[in-house]
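J.: Please read through the structure below; I'll follow up with questions.
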Amino acid sequence: MSTATLITFIIYLIGMLGIGFAAYRLTSDLSDYVLGGRRLGPGVAALSAGASDMSGWLLLGLPGAIYASGLSEAWIGVGLAIGAYLNWQFVARRLRVFTEVANDSITVPDYLENRFRDKSHILRVISAAVILLFFTFYTSSGMVAGAKLFEASFALSYTQALWLGAIVTISYTFLGGFLAVSWTDFVQGILMFLALIAVPIVAISEMGGWNNAVDAVGQIDPAHLNMVQGVGALAIISSLAWGLGYFGQPHILVRFMALRSPKDVPKARFIGVGWMVLGLYG
């Protein structure tokens, strides 16, 4: 690893921990720790939602799928962009209002219990168990993606990269809770956006322009340049249906709940969907 790369890496890790400490200074009760005191601005809410949702999938998963199968996999990105827009449009404002009305609910299981007046607590227990089970796999996939990235970029072994990423993530989350997670996601969202825009521009430039880049892909397999060749209607619908997942993802829904005001939803929607569209294009 070069000295410049090592310094950049260390500054990044220290910056994440610094954000966690700053969030700790602003955390005084359970609502602050779990939901950031409902004081996320539209920019932080939008980018943190996008970064926490996409993360390794956008940087590794989707490019890998398109590299392996061609542009036919891009229908997934189309479905996700549509799903994200509809989620912000129809769920965000309502959830922000009703979670506060429903006894100031600060978690999704808490809201479901209060909203439906479930005195037995069964709804809370079942929803919490479902989130815990499936987000164990979801979180572990994110840790693996981060370890793969650190391994490839900073000359670390996979195990070292995995432990380092886990320690830093757990540390800033432990210190600052939801605010720390949202702020670090905001910073990472900006970095992801810049990388996703800059890398294609540099790659196309290095290949001698857009036409040369397209010709190079076509020489490998012309079908890779066609979004519909070899793809049936059912496959397209299945790919587009990925966007339906947004309506039930707790780490997205809590960003809606944490917005400073329901009036911030239109700004957050514009920023979040715009970030996603440009990121998917990159």
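Here's how to read the names in the structure tokens: chain A, B, ... by the order shown, residue numbers from 1 in each chain, ligand numbers from 1 in the order shown.
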Extract, using only C-alpha atoms, all DNA, RNA and protein residues at most 10 Å from region 48-61 of chain A, discarding same-chain residues fewer than 4 positions from it, and format them as a tab-separated table (two decimals) with C-alpha atoms, in the first residue's frame.
T.:
chain	number	residue	atom	x	y	z
A	40	LEU	CA	-32.58	14.64	10.30
A	42	PRO	CA	-33.73	16.15	4.03
A	43	GLY	CA	-30.21	15.81	2.64
A	44	VAL	CA	-28.95	13.59	5.45
A	65	ALA	CA	-24.37	-8.75	-12.56
A	66	ILE	CA	-24.15	-6.51	-15.63
A	67	TYR	CA	-20.56	-7.60	-16.27
A	77	GLY	CA	-31.95	-0.75	-11.39
A	80	LEU	CA	-35.36	0.06	-7.74
A	84	ALA	CA	-37.64	4.31	-4.25
A	138	TYR	CA	-28.38	-8.31	5.27
A	139	THR	CA	-25.84	-6.74	7.64
A	141	SER	CA	-23.52	-9.14	3.40
A	142	GLY	CA	-22.64	-5.47	3.87
A	143	MET	CA	-19.69	-6.40	6.09
A	144	VAL	CA	-18.48	-8.88	3.47
A	145	ALA	CA	-18.74	-6.22	0.74
A	146	GLY	CA	-16.74	-3.76	2.83
A	148	LYS	CA	-13.81	-7.22	-0.14
A	149	LEU	CA	-13.38	-3.54	-0.96
A	181	VAL	CA	-25.07	5.91	11.48
A	182	SER	CA	-27.00	8.51	9.48
A	183	TRP	CA	-24.14	11.02	9.35
A	184	THR	CA	-21.55	8.41	8.36
A	185	ASP	CA	-23.94	7.12	5.71
A	186	PHE	CA	-24.34	10.70	4.47
A	187	VAL	CA	-20.58	11.07	4.04
A	188	GLN	CA	-20.28	7.65	2.45
A	189	GLY	CA	-23.19	8.47	0.14
A	190	ILE	CA	-21.32	11.51	-1.14
A	191	LEU	CA	-18.16	9.45	-1.68
A	192	MET	CA	-20.15	6.75	-3.48
A	193	PHE	CA	-21.81	9.33	-5.71
A	195	ALA	CA	-16.94	7.49	-7.39
A	196	LEU	CA	-19.92	6.29	-9.43
A	246	TYR	CA	-38.48	-0.69	-0.46
A	249	GLN	CA	-37.21	-2.19	4.56
A	251	HIS	CA	-33.52	0.81	7.63
A	252	ILE	CA	-35.27	2.95	4.99
A	253	LEU	CA	-38.49	3.44	6.95
A	254	VAL	CA	-36.67	4.72	10.04
A	255	ARG	CA	-35.15	7.50	7.91
A	256	PHE	CA	-38.70	8.63	7.14
A	268	ALA	CA	-35.61	14.48	0.54
A	271	ILE	CA	-32.32	14.38	-3.42
A	272	GLY	CA	-32.70	10.66	-2.73
A	273	VAL	CA	-34.18	9.64	-6.07
A	275	TRP	CA	-28.82	10.40	-6.15
A	276	MET	CA	-30.05	6.91	-6.96
A	279	GLY	CA	-25.64	6.48	-9.16
A	280	LEU	CA	-27.31	3.70	-11.13
A	282	GLY	CA	-22.72	5.54	-13.15
J.: Counting only C-alpha atoms, which residues in region 58-138 of chain A sit no more than 9 Å from region 260-263 of chain A? For each one, give the nearest pair of atoms and the distance in Å, sorted by chain then residue number, as a Markdown table.
T.:
| residue | atom | partner | partner_atom | distance |
| --- | --- | --- | --- | --- |
| A:Ala92 | CA | A:Pro262 | CA | 8.0 |
| A:Arg93 | CA | A:Pro262 | CA | 5.3 |
| A:Arg94 | CA | A:Pro262 | CA | 8.1 |
| A:Arg96 | CA | A:Pro262 | CA | 6.1 |
| A:Val97 | CA | A:Pro262 | CA | 6.7 |
J.: Mind giving me the straight-line distance from CA of Ala46 (chain A) to CA of Ser239 (chain A) in Å, one decimal?
T.: 23.6 Å
J.: Which of region 34-126 of chain A end up as helix (DSSP H, G or I) when DSSP is run on this backbone - answer as a CSV table (one decimal) with C-alpha atoms, in the first residue's frame?
T.:
chain,number,residue,atom,x,y,z
A,34,VAL,CA,-32.6,5.1,18.4
A,35,LEU,CA,-34.1,7.8,16.1
A,36,GLY,CA,-31.8,10.8,16.3
A,37,GLY,CA,-34.4,12.8,18.1
A,38,ARG,CA,-36.4,13.2,14.8
A,42,PRO,CA,-33.7,16.2,4.0
A,43,GLY,CA,-30.2,15.8,2.6
A,44,VAL,CA,-28.9,13.6,5.4
A,45,ALA,CA,-32.1,11.5,5.5
A,46,ALA,CA,-32.1,11.0,1.7
A,47,LEU,CA,-28.4,10.2,1.3
A,48,SER,CA,-28.2,8.1,4.4
A,49,ALA,CA,-31.2,6.1,3.2
A,50,GLY,CA,-29.6,5.6,-0.3
A,51,ALA,CA,-26.2,4.7,1.1
A,52,SER,CA,-27.4,2.3,3.7
A,53,ASP,CA,-29.7,0.6,1.1
A,54,MET,CA,-27.4,0.4,-1.9
A,55,SER,CA,-23.8,0.3,-0.4
A,56,GLY,CA,-22.0,-2.9,-1.5
A,57,TRP,CA,-24.9,-3.9,-3.8
A,58,LEU,CA,-24.5,-0.8,-6.0
A,59,LEU,CA,-20.7,-0.8,-6.0
A,60,LEU,CA,-20.2,-4.6,-6.3
A,61,GLY,CA,-23.4,-6.5,-6.9
A,62,LEU,CA,-25.1,-4.6,-9.8
A,63,PRO,CA,-21.8,-4.0,-11.7
A,64,GLY,CA,-20.9,-7.7,-11.3
A,65,ALA,CA,-24.4,-8.8,-12.6
A,66,ILE,CA,-24.1,-6.5,-15.6
A,67,TYR,CA,-20.6,-7.6,-16.3
A,68,ALA,CA,-21.6,-11.2,-16.2
A,69,SER,CA,-25.0,-11.0,-18.0
A,71,LEU,CA,-27.6,-4.8,-19.8
A,72,SER,CA,-30.5,-7.2,-19.3
A,73,GLU,CA,-29.7,-6.9,-15.6
A,74,ALA,CA,-30.2,-3.1,-15.7
A,75,TRP,CA,-34.0,-3.8,-15.3
A,76,ILE,CA,-33.3,-4.3,-11.6
A,77,GLY,CA,-31.9,-0.8,-11.4
A,78,VAL,CA,-35.0,0.6,-13.2
A,79,GLY,CA,-37.3,-1.2,-10.7
A,80,LEU,CA,-35.4,0.1,-7.7
A,81,ALA,CA,-35.5,3.7,-8.9
A,82,ILE,CA,-39.3,3.4,-9.4
A,83,GLY,CA,-39.7,1.7,-6.1
A,84,ALA,CA,-37.6,4.3,-4.2
A,85,TYR,CA,-39.6,7.2,-5.8
A,86,LEU,CA,-43.0,5.6,-4.9
A,87,ASN,CA,-41.8,4.9,-1.3
A,88,TRP,CA,-40.9,8.5,-0.8
A,89,GLN,CA,-44.0,9.6,-2.5
A,90,PHE,CA,-46.6,7.5,-0.7
A,91,VAL,CA,-45.0,6.2,2.5
A,92,ALA,CA,-42.6,8.8,3.8
A,93,ARG,CA,-44.9,11.6,4.8
A,94,ARG,CA,-47.6,9.3,6.3
A,95,LEU,CA,-45.1,7.3,8.3
A,96,ARG,CA,-43.4,10.5,9.6
A,97,VAL,CA,-46.8,11.8,10.8
A,98,PHE,CA,-48.4,8.6,12.1
A,99,THR,CA,-45.3,7.4,14.1
A,100,GLU,CA,-45.4,10.6,16.1
A,101,VAL,CA,-49.1,10.5,16.5
A,108,VAL,CA,-41.0,0.0,13.4
A,109,PRO,CA,-42.2,-2.8,15.9
A,110,ASP,CA,-43.1,0.0,18.4
A,111,TYR,CA,-45.2,1.8,15.7
A,112,LEU,CA,-47.0,-1.4,14.6
A,113,GLU,CA,-48.0,-2.2,18.2
A,114,ASN,CA,-49.2,1.4,18.9
A,115,ARG,CA,-50.9,1.8,15.5
A,122,ILE,CA,-47.5,-10.3,19.7
A,123,LEU,CA,-47.2,-8.0,16.7
A,124,ARG,CA,-44.1,-6.3,18.3
A,125,VAL,CA,-42.4,-9.6,19.0
A,126,ILE,CA,-43.1,-11.1,15.5
J.: Between A:Gly176, A:Gly18, A:Gly70, A:Gly248, which is the closest to Asp32 (chain A) once you count only C-alpha atoms?
T.: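 Comparing A:Gly176, A:Gly18, A:Gly70, A:Gly248 against Asp32 (chain A), the winner is A:Gly176.
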J.: Which is closest to Ala4 (chain A) among A:His121, A:Phe154, A:His224, A:Gly41, if we use only C-alpha atoms?
T.: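 Of A:His121, A:Phe154, A:His224, A:Gly41, the one nearest Ala4 (chain A) is A:Phe154, counting only C-alpha atoms.
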